[in-house]
Amino acid sequence: MDDLPYLRGLTVEQTEAVTDPAQLLCIVAGPGSGKTTVLTRRIAFRAMDPEVAPKNTVAITFTNQAADELKSRLAGLSMYELPWVGTFHSFAFLVLRRYLEELRRPVPRLIVAKTRAVAAAVREDASLRRHFGKAGDDGGRRLESSLVISELTREIETAKANMVAPDGYVRWHTASGRETSLDSQAIAAAWRSYERFKAASRQMDFDDLIVRAEAALRENPAFAQTIRWWYRHFYVDEFQDVNAQQIALMKQLVGTYPDLCVVGDPKQAIYAWNGAHPRLMLEFDRVFAGASYRYLRSNFRSVVEIVDLANAASEEFADPAIALHGGVIHAKRPSGSPPRLHTFDSAEAEATFVARQIYTSIANGAAPSSIAVLARTNTLLPQYQAALSALGIHNHVAGTAQMANDGSLKAAMAHLRELLGPRGRLQDALTHLDDLIDEYRLDGTDGGAADSLGYFRQMAVEALRNEPRMDLTSFISWFRVRAAESAHASKHGVTLTTLHRAKGLEWEIVYLVAMEQGVLPHAKSTQPAAMEEEKRLFYVGITRARDHLYLTLARKRGKAERQPSPFLTNLAGLIEDGIPQRAPKRRALEYIRASKERLGSAATAPLETDPVLETLKLWRRLRAADLGAPEETLLSDRTLSYLASNLPVKRDDFDTCPGMSQEFLAEHAEALLKLMKALARARKARL
């Protein structure tokens, strides 16, 4: 079987995941473990069986970009036929279209500009006009309306993802402790108006695709059987991102004879706003009875020190099920540079340092595209972007084009022009934006109007620093040019992006910036569930780095005093201080004299060595010689120090040992355990 082309180059755990005969399988794949490789190889391997034909196979992703990547990988495997590959919404639309065609009913038009449709719906209801205004109202009211409509649209999306109906929204809003600028009764009423509007105009939105496809399969057994005959073998990528509504659709698709393989990592579940929760993956065997698990825990991406830091960060997760199913990841690469923490007096000094360090890396041969600056929110990025641009370093902010085209931002631009005139001062516009952001509490949140307005505001601040007299029209033109340039530079420049957008990507050098209380974790993440998601975001940020990871923070950001992120508290032993404080000359001379005295006394004193550590080093040297491999690639000094300090005497104890892979244990665990037990007895006798 090892000679099969689809299994070549795979590790033992990857091969077992590809060839596992289970028809209900959950593959928990840690970062850098070859998740996509395993998924595509499993699809191709199983397609060798005539009973698992590609024409009856469906591979579901969460984005079109991920679907294109999957198609490209499968095509590269020379499969004679490719399965259907696409997003949840695309496949739901396929199901719904076939259902309506059977009933000889027209397929409703799909709403593309959703916020516009929501606005049109609620403004037809006289009882809701006080919340949303009308086109003829004053400019301020019009802009206020646009922002509230954006919030309402997102709230409807989140509720639907959690399988909430309009009539149950108020109860769900109260039970989940949601904070909205609108009263929950008003949101429920507006939602009902929107549903009536869609029915009257024969339209549906993207969320309806999932809901209506699931209902069609559940309510029409004959149609469901037809779909299950055509599509019998399912794969789902990034399963930790699914929500309850998508789970319900999958249950209807697979029926009573399921053939389903899902891949994901519960430690990277960071989309709670869309109803995703790591428990949905952790309890896969409860939702789909009889399912089994496979684990990919070898990390081929990062050096040992970065993997150790990621494992330590994941130990802070409160949910024990994540520890059970997520487990530690094991570095397959050798030791490298330790993560470094740099602390600065101000955010300006932090941004300047990051830009200069990146400049130095590029001057030493690093490609700009191999470097990334990751922040909790988009509103933090313009300062780093300005510092990079000042040094002539090509860069781009991921998602700038989408933000520039956001409906709420366009409404804000039009409002500001009307309010201040085309040549109005940008400084005055900034004041109005600040008022709106404060009123709606949008600054620093993720997604939609919040991201777009916050980023627009920060770009205005950076522009005013360079040109205090800039007018509004000039800034808007400059902003759009920067958005176009950012999209053009996306393949060649340094990437600046948020932790959410960074998931699934990797770079050689990563700067994880603004590691401060109130930023990461976010100031609004006060509930336990929200705090857990912030921890997972931190984990995602760490695991994006291959070779070098820098963490930075500022004691003061803007006018606010900042404290280091609590996530750093228990990681001090794994992160080196980047910039030690300079000591006065007198203190430095004292230190030199004291060092000389210690060195002089050490020359005559007997050397004190740890016999346990020395024995382990000798064992490593002999093993490495037998294998013909360098000693450090077998076990690092850090790993040996851990073993010498803890003396694990059970196989399970090795799971927490940094830098020890499953492949190493499979070959050497028995011999190492015998040695550890002997050393433990010797140390006990010595004591």
# chains A, B, ... in the order shown; residues from 1 in each chain; ligands from 1

$ residues_around --residues "range 68-74 of chain A" --least-positions-apart "3" --cutoff "10 Å" --atoms "only C-alpha atoms" --output "list in words"
Thr36, Thr37, Leu39, Thr40, Arg41, Ile43, Ala44, Ala59, Ile60, Thr61, Thr63, Asn64, Gln65, Leu77, Ser78, Met79, Glu81, Leu82, Pro83, Trp84, Val85, Gly86 and Asp237 of chain A

$ residues_around --residues "Leu10 in chain A" --least-positions-apart "5" --cutoff "10 Å" --atoms "only C-alpha atoms" --output "number ranges by chain"
A: 2, 15-16, 18, 34, 37-38, 41

$ write_last_selection --atoms "N, CA and C atoms" --output "compact mmCIF listing (two decimals), in the first residue's frame"
# COMPACT_ATOMS: atom_id res chain seq x y z
N ASP A 2 2.07 1.18 0.60
CA ASP A 2 2.94 2.34 0.66
C ASP A 2 3.36 2.83 -0.71
N THR A 15 -0.94 8.96 6.81
CA THR A 15 -1.36 7.77 6.06
C THR A 15 -2.57 7.11 6.72
N GLU A 16 -2.55 7.01 8.04
CA GLU A 16 -3.67 6.40 8.76
C GLU A 16 -4.95 7.21 8.57
N VAL A 18 -5.65 9.11 5.93
CA VAL A 18 -6.06 8.97 4.53
C VAL A 18 -6.75 7.63 4.30
N GLY A 34 -0.43 19.60 7.64
CA GLY A 34 -0.72 19.04 6.31
C GLY A 34 -2.18 18.70 6.13
N THR A 37 -3.41 18.57 2.47
CA THR A 37 -2.80 17.41 1.81
C THR A 37 -3.55 16.14 2.17
N VAL A 38 -3.83 15.97 3.46
CA VAL A 38 -4.55 14.76 3.90
C VAL A 38 -5.96 14.72 3.32
N ARG A 41 -5.72 13.93 -0.46
CA ARG A 41 -5.26 12.55 -0.67
C ARG A 41 -6.34 11.54 -0.29

$ closest_residue --among "A:Gln252, A:Thr174, A:Thr343, A:Gln268" --to "Asn220 in chain A" --atoms "only C-alpha atoms"
A:Gln252

$ atom_distance --atom1 "CA of Ser33 in chain A" --atom2 "CA of Arg297 in chain A"
6.3 Å

$ residues_around --residues "Gln23 in chain A" --least-positions-apart "6" --cutoff "8 Å" --atoms "only C-alpha atoms" --output "list in words"
Pro258, Asp259, Leu260, Cys261 and Ala291 of chain A

$ atom_distance --atom1 "CA of Thr552 in chain A" --atom2 "CA of Gly518 in chain A"
14.5 Å

$ residues_around --residues "range 520-524 of chain A" --least-positions-apart "5" --cutoff "12 Å" --atoms "only C-alpha atoms" --output "PyMOL selection string"
chain A and resi 178-179+374-377+380+441-446+498-499+512-515+529-539+541+551-553+562-568

$ residues_around --residues "Ile27 in chain A" --least-positions-apart "5" --cutoff "12 Å" --atoms "only C-alpha atoms" --output "number ranges by chain"
A: 13-14, 16-20, 22, 33-36, 38-39, 42, 235-240, 260-266, 281-282, 284-285, 291-297, 325-326
